[in-house]
There are 2 protein chains.
Amino acid sequence: MEEKVVIGIDVGGQTTKCGVVDARGNVLAQTIIRSDSFTDSEPFVRSLAEALNKIIADSGMQESVRGIGVGAPNGNYYTGDIENAVNLTWGGTKTIHFAKSLSEAMNGLPVALTNDANAAAMGEMTYGAARGMKNFIMITLGTGVGSGIVINGEMVYGHDGFAGELGHTCAVRHNGRLCNCGKTGCLETYASAVGVARTAREWLEMTDEPSLLRNLDTVTSKDVYDAAKEGDNLAIKIFEFTGRILGEKFADFIEFSSPEAIVLFGGLARAKEFLTEPIEKAMNANVLPLWRNKVRLVYSQLKESDAAILGASALAWEL
Amino acid sequence: MEEKVVIGIDVGGQTTKCGVVDARGNVLAQTIIRSDSFTDSEPFVRSLAEALNKIIADSGMQESVRGIGVGAPNGNYYTGDIENAVNLTWGGTKTIHFAKSLSEAMNGLPVALTNDANAAAMGEMTYGAARGMKNFIMITLGTGVGSGIVINGEMVYGHDGFAGELGHTCAVRHNGRLCNCGKTGCLETYASAVGVARTAREWLEMTDEPSLLRNLDTVTSKDVYDAAKEGDNLAIKIFEFTGRILGEKFADFIEFSSPEAIVLFGGLARAKEFLTEPIEKAMNANVLPLWRNKVRLVYSQLKESDAAILGASALAWEL
C-alpha cells in the first residue's frame, strides 16, 4: 500500500508555514509565505494554494495527499471559519470561510481547521510530549496565552467550537491589568511574553532595585530571560512572579478536568529553568490535596520550527 | 420485549435513598435507609442490599433489573471505590470497594458508581433541564459546592476519576475563607449553604445595618432566604454577593469548556429569584465578549425528592 501524507499549515500574523508531513511526523517539504501582505483573504488563499502545490510537487507525493490541516488564530473547528481574527491583516471583524475556500482552491482536498493552540495540542499528542496521554492541557506561552484541552483523548471544542480560552480566565480579580479583549486581570496580561515585559516595566518604575534591565531602552521578555541567566535578581523575581500566577491558575484547571499533565509550549516556555519551580510550588499549594505533587508539568518536545506544521497536520489525519 | 428497569442509589451523609426506575424516569418503588448508623461499610452494604431486594419485589420487576447506579461522596467512576469520604460515618480515610461489595451482595448485578454531583449531572442530562445538551456544567449548591461537567455528551472524569471539583477552585485569592479541604478562598466557602450562613454571620458582626436576621440565635441559609423574601435588605445583599462570586467563577468555567448552559441544582438554588440576576451580571461582565449573554443559566427541573435517585439510575443505563 502506498504511503499517505498530509499537509500542515500554521497561519500566523506575519507568516504562514506549510509542510508535507508523513505518518511518522517527518516534514518532507516545507515553505513559508507572508500572511501580512494581503488585506483580503481571497488572494491570500490563492497564494497559499500555489505554495502548497509547489511543496507537494517537491515531495513527489502528488497522488498521496490525504487532506489538509490548518491552525489559525480564531479558527473554528466546527465551521471551518476564521472569525474576528484581529491579528490577521485580512481578518478583521469578518467571518472568513477559510476551510471551504482553501478546499476549493485545492481541487476539493478536504480541509480541517482549528485554532493555533488546539493545533499545537494535537501536535503534542500525536508527535510530542503528550504522546499516549488521554487527558492533558496544553498552554502556549507566546505573545498571548493560548490553550488546547484534551479530555478522553479528544480535543475540547465546546458547544460552539471556541472552548479553551484559558489565557482569558481571571488571574487577578481586583485592579488587574487591562487585556486586549477588553477585560481586566486576564492570565495573558501577566503570563505571556508581553505580560512579562509589562511586569518588568512596572517593577523597574516602582522600585530602585539595581538590575541589568535598567540599561535598556525597552525591555522584552527575551531581555528578562537573558538578564536572569546572568543572575540578575530582579529578572529572576519577575519569573518567580509569573510562575506563581501560572501555578495558581493551573490549580483551578486541574480541579476542572484532572489532567495527567500540563504541557507548556511557546517562546516564554524556553525560560523553564526560572519558571518550573515557582509554577510547581504555586500549583501544588493551591490544588486539592488529592492532586498535590501528582500532576506533571512538562515542556513541549517538538522542534520549534516544525511544531506548528506538525500540530496542524495532526488534524488532517482525522479527516 | 419485556421492559427493563434499573436501580438508582443516592448515598448521603445521613440517609441513603434508593429507587427502582424505568426507562422513562418513573420511580416505581423507593425507600430510604440510614447511612449514619454504621461505622463499617460491610454491614451498611448488607442493610442496603436487603432494602433493594424489598423494593425490587415491591415493583414486581424481579426479572427485569439491568443494573445499579450509585452516586456517593468521593465516588470514583473508574475504580468503583469510595475514597476518603470523611462525611460518611463508615467512610473516613479508607478506600472502600463499594461497587464490588454491592454487586456481590446483589448476586452479581452490575454496579456503576460515581460521585454525587456527577450523578446529578447524569440525571439532568437524561431526564431534566439538560436533556439534549452535549456540553453543560452542573453546579450543585448544597452544604458544599459540587460539580459535574459534560463535554461532547460525556461525563468528564479526568485521568484519575476525580475531575469536576469546581467547588474548590479559588474564588478569593487573598485572605480567603478557610475551607474544609485545608485550602483558603475556595468557591464553596462562599457559595454553599454553609458559605451563605457564614457571610450572614460576618456581615451581622461587621455592620450595624438593621436586619430580621439579628433576631436569630444562629443563622442558616434558609433563614437568609426567608428574610430576603420579606424584603430584608441585608439578606438580599448577601445573595447579591453570593451571586457575584458564583458568576465570576462561571466566567472562568465558560472559558474552559464553552458549555451551552450552566445548570444549578441543590437547596441553595431554590433562592433563584435572588441569585439569577447577580450571577448573570457577573458572569457576563467577566467572560470574553464572544460568550456574553450567550451561555444560559438554568435551574434543575427534577423533582427534588426523585432527583438524586434518577441521577444515580441514569448511570446504570450505561452499564
# chains A, B, ... in the order shown; residues from 1 in each chain; ligands from 1
$ interface_residues --of "chain B" --to "chain A" --cutoff "10 Å" --atoms "only C-alpha atoms" --output "PyMOL selection string"
chain B and resi 84+133-136+147-152+154-173+181-186+248-249+251-261+285-291+295
$ residues_around --residues "B:Glu83" --least-positions-apart "2" --cutoff "6 Å" --atoms "only C-alpha atoms" --output "MDAnalysis selection string"
chainID B and resid 74 85 95
$ write_last_selection --atoms "N, CA, C and O atoms" --output "short mmCIF file (atom, residue, chain, number, x, y, z; two decimals), in the first residue's frame"
data_model
loop_
_atom_site.label_atom_id
_atom_site.label_comp_id
_atom_site.auth_asym_id
_atom_site.auth_seq_id
_atom_site.Cartn_x
_atom_site.Cartn_y
_atom_site.Cartn_z
N ASN B 74 -17.26 11.33 47.10
CA ASN B 74 -15.93 10.80 46.77
C ASN B 74 -15.97 9.47 46.02
O ASN B 74 -15.03 8.68 46.10
N ALA B 85 -13.95 9.36 52.18
CA ALA B 85 -15.21 10.09 52.32
C ALA B 85 -15.44 10.43 53.79
O ALA B 85 -16.10 9.70 54.52
N THR B 95 -10.24 3.38 51.68
CA THR B 95 -10.75 3.12 50.34
C THR B 95 -11.70 1.94 50.44
O THR B 95 -11.31 0.85 50.86
#
$ residues_around --residues "stretch 65-73 of chain B" --least-positions-apart "5" --cutoff "6 Å" --atoms "only C-alpha atoms" --output "PyMOL selection string"
chain B and resi 5-11+109-116+119+312-313+315-316
$ residues_around --residues "B:Asp40" --least-positions-apart "3" --cutoff "10 Å" --atoms "only C-alpha atoms" --output "PDB file with all heavy atoms, in the first residue's frame"
ATOM      1  N   ASP B  36     -25.943   6.717  58.560  1.00  0.00           N
ATOM      2  CA  ASP B  36     -25.066   7.133  59.652  1.00  0.00           C
ATOM      3  C   ASP B  36     -25.191   6.274  60.915  1.00  0.00           C
ATOM      4  O   ASP B  36     -24.683   6.636  61.963  1.00  0.00           O
ATOM      5  CB  ASP B  36     -25.304   8.606  60.002  1.00  0.00           C
ATOM      6  CG  ASP B  36     -26.746   8.887  60.380  1.00  0.00           C
ATOM      7  OD1 ASP B  36     -27.555   7.928  60.426  1.00  0.00           O
ATOM      8  OD2 ASP B  36     -27.066  10.056  60.625  1.00  0.00           O
ATOM      9  N   SER B  37     -25.875   5.122  60.786  1.00  0.00           N
ATOM     10  CA  SER B  37     -25.934   4.237  61.953  1.00  0.00           C
ATOM     11  C   SER B  37     -24.920   3.101  61.821  1.00  0.00           C
ATOM     12  O   SER B  37     -24.996   2.104  62.527  1.00  0.00           O
ATOM     13  CB  SER B  37     -27.350   3.695  62.130  1.00  0.00           C
ATOM     14  OG  SER B  37     -27.811   3.125  60.935  1.00  0.00           O
ATOM     15  N   PRO B  43     -21.593  -3.995  57.025  1.00  0.00           N
ATOM     16  CA  PRO B  43     -22.988  -4.083  57.472  1.00  0.00           C
ATOM     17  C   PRO B  43     -23.898  -3.081  56.744  1.00  0.00           C
ATOM     18  O   PRO B  43     -25.074  -3.372  56.504  1.00  0.00           O
ATOM     19  CB  PRO B  43     -22.917  -3.769  58.974  1.00  0.00           C
ATOM     20  CG  PRO B  43     -21.549  -3.256  59.237  1.00  0.00           C
ATOM     21  CD  PRO B  43     -20.670  -3.747  58.154  1.00  0.00           C
ATOM     22  N   PHE B  44     -23.347  -1.917  56.351  1.00  0.00           N
ATOM     23  CA  PHE B  44     -24.161  -0.971  55.593  1.00  0.00           C
ATOM     24  C   PHE B  44     -24.562  -1.567  54.249  1.00  0.00           C
ATOM     25  O   PHE B  44     -25.730  -1.493  53.843  1.00  0.00           O
ATOM     26  CB  PHE B  44     -23.412   0.361  55.384  1.00  0.00           C
ATOM     27  CG  PHE B  44     -24.133   1.286  54.449  1.00  0.00           C
ATOM     28  CD1 PHE B  44     -25.310   1.924  54.835  1.00  0.00           C
ATOM     29  CD2 PHE B  44     -23.670   1.498  53.149  1.00  0.00           C
ATOM     30  CE1 PHE B  44     -25.999   2.756  53.958  1.00  0.00           C
ATOM     31  CE2 PHE B  44     -24.357   2.324  52.267  1.00  0.00           C
ATOM     32  CZ  PHE B  44     -25.517   2.950  52.674  1.00  0.00           C
ATOM     33  N   VAL B  45     -23.609  -2.191  53.580  1.00  0.00           N
ATOM     34  CA  VAL B  45     -23.903  -2.794  52.268  1.00  0.00           C
ATOM     35  C   VAL B  45     -24.951  -3.910  52.423  1.00  0.00           C
ATOM     36  O   VAL B  45     -25.867  -4.030  51.602  1.00  0.00           O
ATOM     37  CB  VAL B  45     -22.612  -3.322  51.594  1.00  0.00           C
ATOM     38  CG1 VAL B  45     -22.937  -4.204  50.390  1.00  0.00           C
ATOM     39  CG2 VAL B  45     -21.727  -2.154  51.165  1.00  0.00           C
ATOM     40  N   LEU B  88     -18.947  10.398  55.556  1.00  0.00           N
ATOM     41  CA  LEU B  88     -19.678   9.156  55.833  1.00  0.00           C
ATOM     42  C   LEU B  88     -19.132   8.542  57.119  1.00  0.00           C
ATOM     43  O   LEU B  88     -17.909   8.428  57.274  1.00  0.00           O
ATOM     44  CB  LEU B  88     -19.507   8.169  54.671  1.00  0.00           C
ATOM     45  CG  LEU B  88     -20.042   8.631  53.310  1.00  0.00           C
ATOM     46  CD1 LEU B  88     -19.652   7.635  52.217  1.00  0.00           C
ATOM     47  CD2 LEU B  88     -21.553   8.804  53.348  1.00  0.00           C
ATOM     48  N   THR B  89     -20.037   8.145  58.005  1.00  0.00           N
ATOM     49  CA  THR B  89     -19.577   7.591  59.291  1.00  0.00           C
ATOM     50  C   THR B  89     -18.732   6.334  59.092  1.00  0.00           C
ATOM     51  O   THR B  89     -17.898   6.007  59.919  1.00  0.00           O
ATOM     52  CB  THR B  89     -20.782   7.240  60.198  1.00  0.00           C
ATOM     53  OG1 THR B  89     -21.708   6.453  59.443  1.00  0.00           O
ATOM     54  CG2 THR B  89     -21.473   8.501  60.696  1.00  0.00           C
ATOM     55  N   TRP B  90     -18.956   5.634  57.980  1.00  0.00           N
ATOM     56  CA  TRP B  90     -18.180   4.418  57.686  1.00  0.00           C
ATOM     57  C   TRP B  90     -17.158   4.667  56.571  1.00  0.00           C
ATOM     58  O   TRP B  90     -16.584   3.732  55.995  1.00  0.00           O
ATOM     59  CB  TRP B  90     -19.101   3.270  57.308  1.00  0.00           C
ATOM     60  CG  TRP B  90     -20.264   3.703  56.436  1.00  0.00           C
ATOM     61  CD1 TRP B  90     -21.482   4.147  56.853  1.00  0.00           C
ATOM     62  CD2 TRP B  90     -20.288   3.770  55.001  1.00  0.00           C
ATOM     63  NE1 TRP B  90     -22.272   4.489  55.777  1.00  0.00           N
ATOM     64  CE2 TRP B  90     -21.566   4.258  54.629  1.00  0.00           C
ATOM     65  CE3 TRP B  90     -19.360   3.467  54.004  1.00  0.00           C
ATOM     66  CZ2 TRP B  90     -21.930   4.457  53.290  1.00  0.00           C
ATOM     67  CZ3 TRP B  90     -19.729   3.654  52.673  1.00  0.00           C
ATOM     68  CH2 TRP B  90     -21.008   4.143  52.331  1.00  0.00           C
ATOM     69  N   GLY B  91     -16.934   5.957  56.260  1.00  0.00           N
ATOM     70  CA  GLY B  91     -16.007   6.293  55.170  1.00  0.00           C
ATOM     71  C   GLY B  91     -14.604   6.572  55.674  1.00  0.00           C
ATOM     72  O   GLY B  91     -13.689   5.794  55.473  1.00  0.00           O
ATOM     73  N   GLY B  92     -14.457   7.679  56.363  1.00  0.00           N
ATOM     74  CA  GLY B  92     -13.165   8.029  56.951  1.00  0.00           C
ATOM     75  C   GLY B  92     -12.073   8.165  55.921  1.00  0.00           C
ATOM     76  O   GLY B  92     -12.299   8.691  54.823  1.00  0.00           O
ATOM     77  N   ILE B  96     -12.962   2.196  50.079  1.00  0.00           N
ATOM     78  CA  ILE B  96     -13.984   1.146  50.182  1.00  0.00           C
ATOM     79  C   ILE B  96     -14.346   0.672  48.776  1.00  0.00           C
ATOM     80  O   ILE B  96     -14.736   1.486  47.929  1.00  0.00           O
ATOM     81  CB  ILE B  96     -15.234   1.698  50.897  1.00  0.00           C
ATOM     82  CG1 ILE B  96     -14.870   2.062  52.339  1.00  0.00           C
ATOM     83  CG2 ILE B  96     -16.377   0.691  50.849  1.00  0.00           C
ATOM     84  CD1 ILE B  96     -15.812   3.055  52.962  1.00  0.00           C
TER      85      ILE B  96
END
$ select_by_dssp --residues "stretch 132-309 of chain B" --states "strand (DSSP E)" --output "ChimeraX atom specification"
/B:136-141,145-151,154-155,261-265,296-299
$ residues_around --residues "B:Ala191" --least-positions-apart "5" --cutoff "9 Å" --atoms "only C-alpha atoms" --output "PyMOL selection string"
chain B and resi 141-142+144-145+167+196+242-243+245-246+268
$ write_last_selection --atoms "all heavy atoms" --output "JSON list (two decimals), in the first residue's frame"
[["chain", "number", "residue", "atom", "x", "y", "z"],
["B", 141, "LEU", "N", -25.46, 23.35, 44.56],
["B", 141, "LEU", "CA", -25.30, 24.29, 45.67],
["B", 141, "LEU", "C", -25.98, 23.71, 46.89],
["B", 141, "LEU", "O", -27.17, 23.93, 47.12],
["B", 141, "LEU", "CB", -25.92, 25.65, 45.30],
["B", 141, "LEU", "CG", -25.38, 26.32, 44.02],
["B", 141, "LEU", "CD1", -26.22, 27.56, 43.68],
["B", 141, "LEU", "CD2", -23.92, 26.70, 44.18],
["B", 142, "GLY", "N", -25.25, 22.91, 47.64],
["B", 142, "GLY", "CA", -25.80, 22.31, 48.86],
["B", 142, "GLY", "C", -24.97, 22.73, 50.05],
["B", 142, "GLY", "O", -24.54, 23.89, 50.12],
["B", 144, "GLY", "N", -22.05, 21.86, 50.53],
["B", 144, "GLY", "CA", -20.86, 22.28, 49.81],
["B", 144, "GLY", "C", -21.23, 22.71, 48.40],
["B", 144, "GLY", "O", -22.42, 22.86, 48.09],
["B", 145, "VAL", "N", -20.23, 22.89, 47.54],
["B", 145, "VAL", "CA", -20.49, 23.16, 46.12],
["B", 145, "VAL", "C", -19.85, 22.03, 45.33],
["B", 145, "VAL", "O", -18.63, 21.85, 45.38],
["B", 145, "VAL", "CB", -19.90, 24.52, 45.68],
["B", 145, "VAL", "CG1", -20.02, 24.68, 44.16],
["B", 145, "VAL", "CG2", -20.60, 25.67, 46.38],
["B", 167, "GLY", "N", -16.03, 23.35, 43.11],
["B", 167, "GLY", "CA", -16.26, 23.99, 44.40],
["B", 167, "GLY", "C", -14.97, 24.35, 45.11],
["B", 167, "GLY", "O", -14.98, 25.17, 46.03],
["B", 196, "VAL", "N", -23.17, 30.83, 52.69],
["B", 196, "VAL", "CA", -24.14, 31.93, 52.82],
["B", 196, "VAL", "C", -24.36, 32.25, 54.30],
["B", 196, "VAL", "O", -24.41, 33.42, 54.70],
["B", 196, "VAL", "CB", -25.47, 31.56, 52.11],
["B", 196, "VAL", "CG1", -26.60, 32.49, 52.53],
["B", 196, "VAL", "CG2", -25.29, 31.59, 50.60],
["B", 242, "THR", "N", -23.17, 36.59, 47.00],
["B", 242, "THR", "CA", -23.01, 35.17, 46.66],
["B", 242, "THR", "C", -23.11, 34.97, 45.14],
["B", 242, "THR", "O", -22.32, 34.24, 44.54],
["B", 242, "THR", "CB", -24.10, 34.33, 47.36],
["B", 242, "THR", "OG1", -24.10, 34.66, 48.76],
["B", 242, "THR", "CG2", -23.86, 32.84, 47.19],
["B", 243, "GLY", "N", -24.10, 35.63, 44.54],
["B", 243, "GLY", "CA", -24.31, 35.51, 43.10],
["B", 243, "GLY", "C", -23.14, 36.08, 42.31],
["B", 243, "GLY", "O", -22.72, 35.51, 41.30],
["B", 245, "ILE", "N", -19.98, 36.24, 43.25],
["B", 245, "ILE", "CA", -18.85, 35.30, 43.35],
["B", 245, "ILE", "C", -19.07, 34.10, 42.44],
["B", 245, "ILE", "O", -18.16, 33.65, 41.73],
["B", 245, "ILE", "CB", -18.65, 34.89, 44.83],
["B", 245, "ILE", "CG1", -18.06, 36.10, 45.57],
["B", 245, "ILE", "CG2", -17.79, 33.64, 44.96],
["B", 245, "ILE", "CD1", -17.30, 35.78, 46.82],
["B", 246, "LEU", "N", -20.30, 33.58, 42.41],
["B", 246, "LEU", "CA", -20.60, 32.46, 41.50],
["B", 246, "LEU", "C", -20.40, 32.88, 40.04],
["B", 246, "LEU", "O", -19.75, 32.17, 39.27],
["B", 246, "LEU", "CB", -22.04, 31.98, 41.71],
["B", 246, "LEU", "CG", -22.28, 31.01, 42.86],
["B", 246, "LEU", "CD1", -23.77, 30.82, 43.09],
["B", 246, "LEU", "CD2", -21.61, 29.66, 42.61],
["B", 268, "LEU", "N", -29.66, 25.52, 47.86],
["B", 268, "LEU", "CA", -29.45, 26.95, 47.72],
["B", 268, "LEU", "C", -30.01, 27.48, 46.40],
["B", 268, "LEU", "O", -30.36, 28.66, 46.28],
["B", 268, "LEU", "CB", -27.95, 27.26, 47.83],
["B", 268, "LEU", "CG", -27.55, 28.71, 48.05],
["B", 268, "LEU", "CD1", -28.14, 29.26, 49.34],
["B", 268, "LEU", "CD2", -26.03, 28.83, 48.08]]
$ select_by_dssp --residues "stretch 118-282 of chain B" --states "helix (DSSP H, G or I)" --output "ChimeraX atom specification"
/B:118-127,166-168,188-191,193-206,212-215,221-229,233-257,267-282
$ residues_around --residues "A:Lys229" --least-positions-apart "3" --cutoff "12 Å" --atoms "only C-alpha atoms" --output "compact mmCIF listing (two decimals) with C-alpha atoms, in the first residue's frame"
# COMPACT_ATOMS: atom_id res chain seq x y z
CA LEU A 212 20.78 44.89 34.16
CA LYS A 222 13.84 37.86 25.97
CA ASP A 223 15.81 40.61 27.77
CA VAL A 224 14.37 39.47 31.10
CA TYR A 225 15.40 35.90 30.30
CA ASP A 226 18.93 36.94 29.31
CA ASP A 232 20.03 39.38 37.72
CA ASN A 233 17.92 39.31 40.86
CA LEU A 234 15.04 41.44 39.59
CA ALA A 235 14.75 39.37 36.40
CA ILE A 236 14.67 36.15 38.43
CA PHE A 239 9.89 34.90 36.52
CA ARG A 270 12.15 28.46 26.97
CA ALA A 271 12.65 30.15 30.36
CA LYS A 272 11.84 26.85 32.04
CA GLU A 273 14.84 26.91 34.39
CA PHE A 274 13.29 30.01 36.01
$ atom_distance --atom1 "atom CA of B:Phe265" --atom2 "atom CA of B:Cys18"
19.4 Å
$ atom_distance --atom1 "atom CA of B:Ala269" --atom2 "atom CA of B:Asp22"
27.2 Å
$ closest_residue --among "B:Pro210, B:Gly146, B:Gly153, B:Gly176" --to "B:Gly266" --atoms "only C-alpha atoms"
B:Gly146
$ atom_distance --atom1 "atom CA of B:Ala314" --atom2 "atom CA of B:Leu187"
27.7 Å
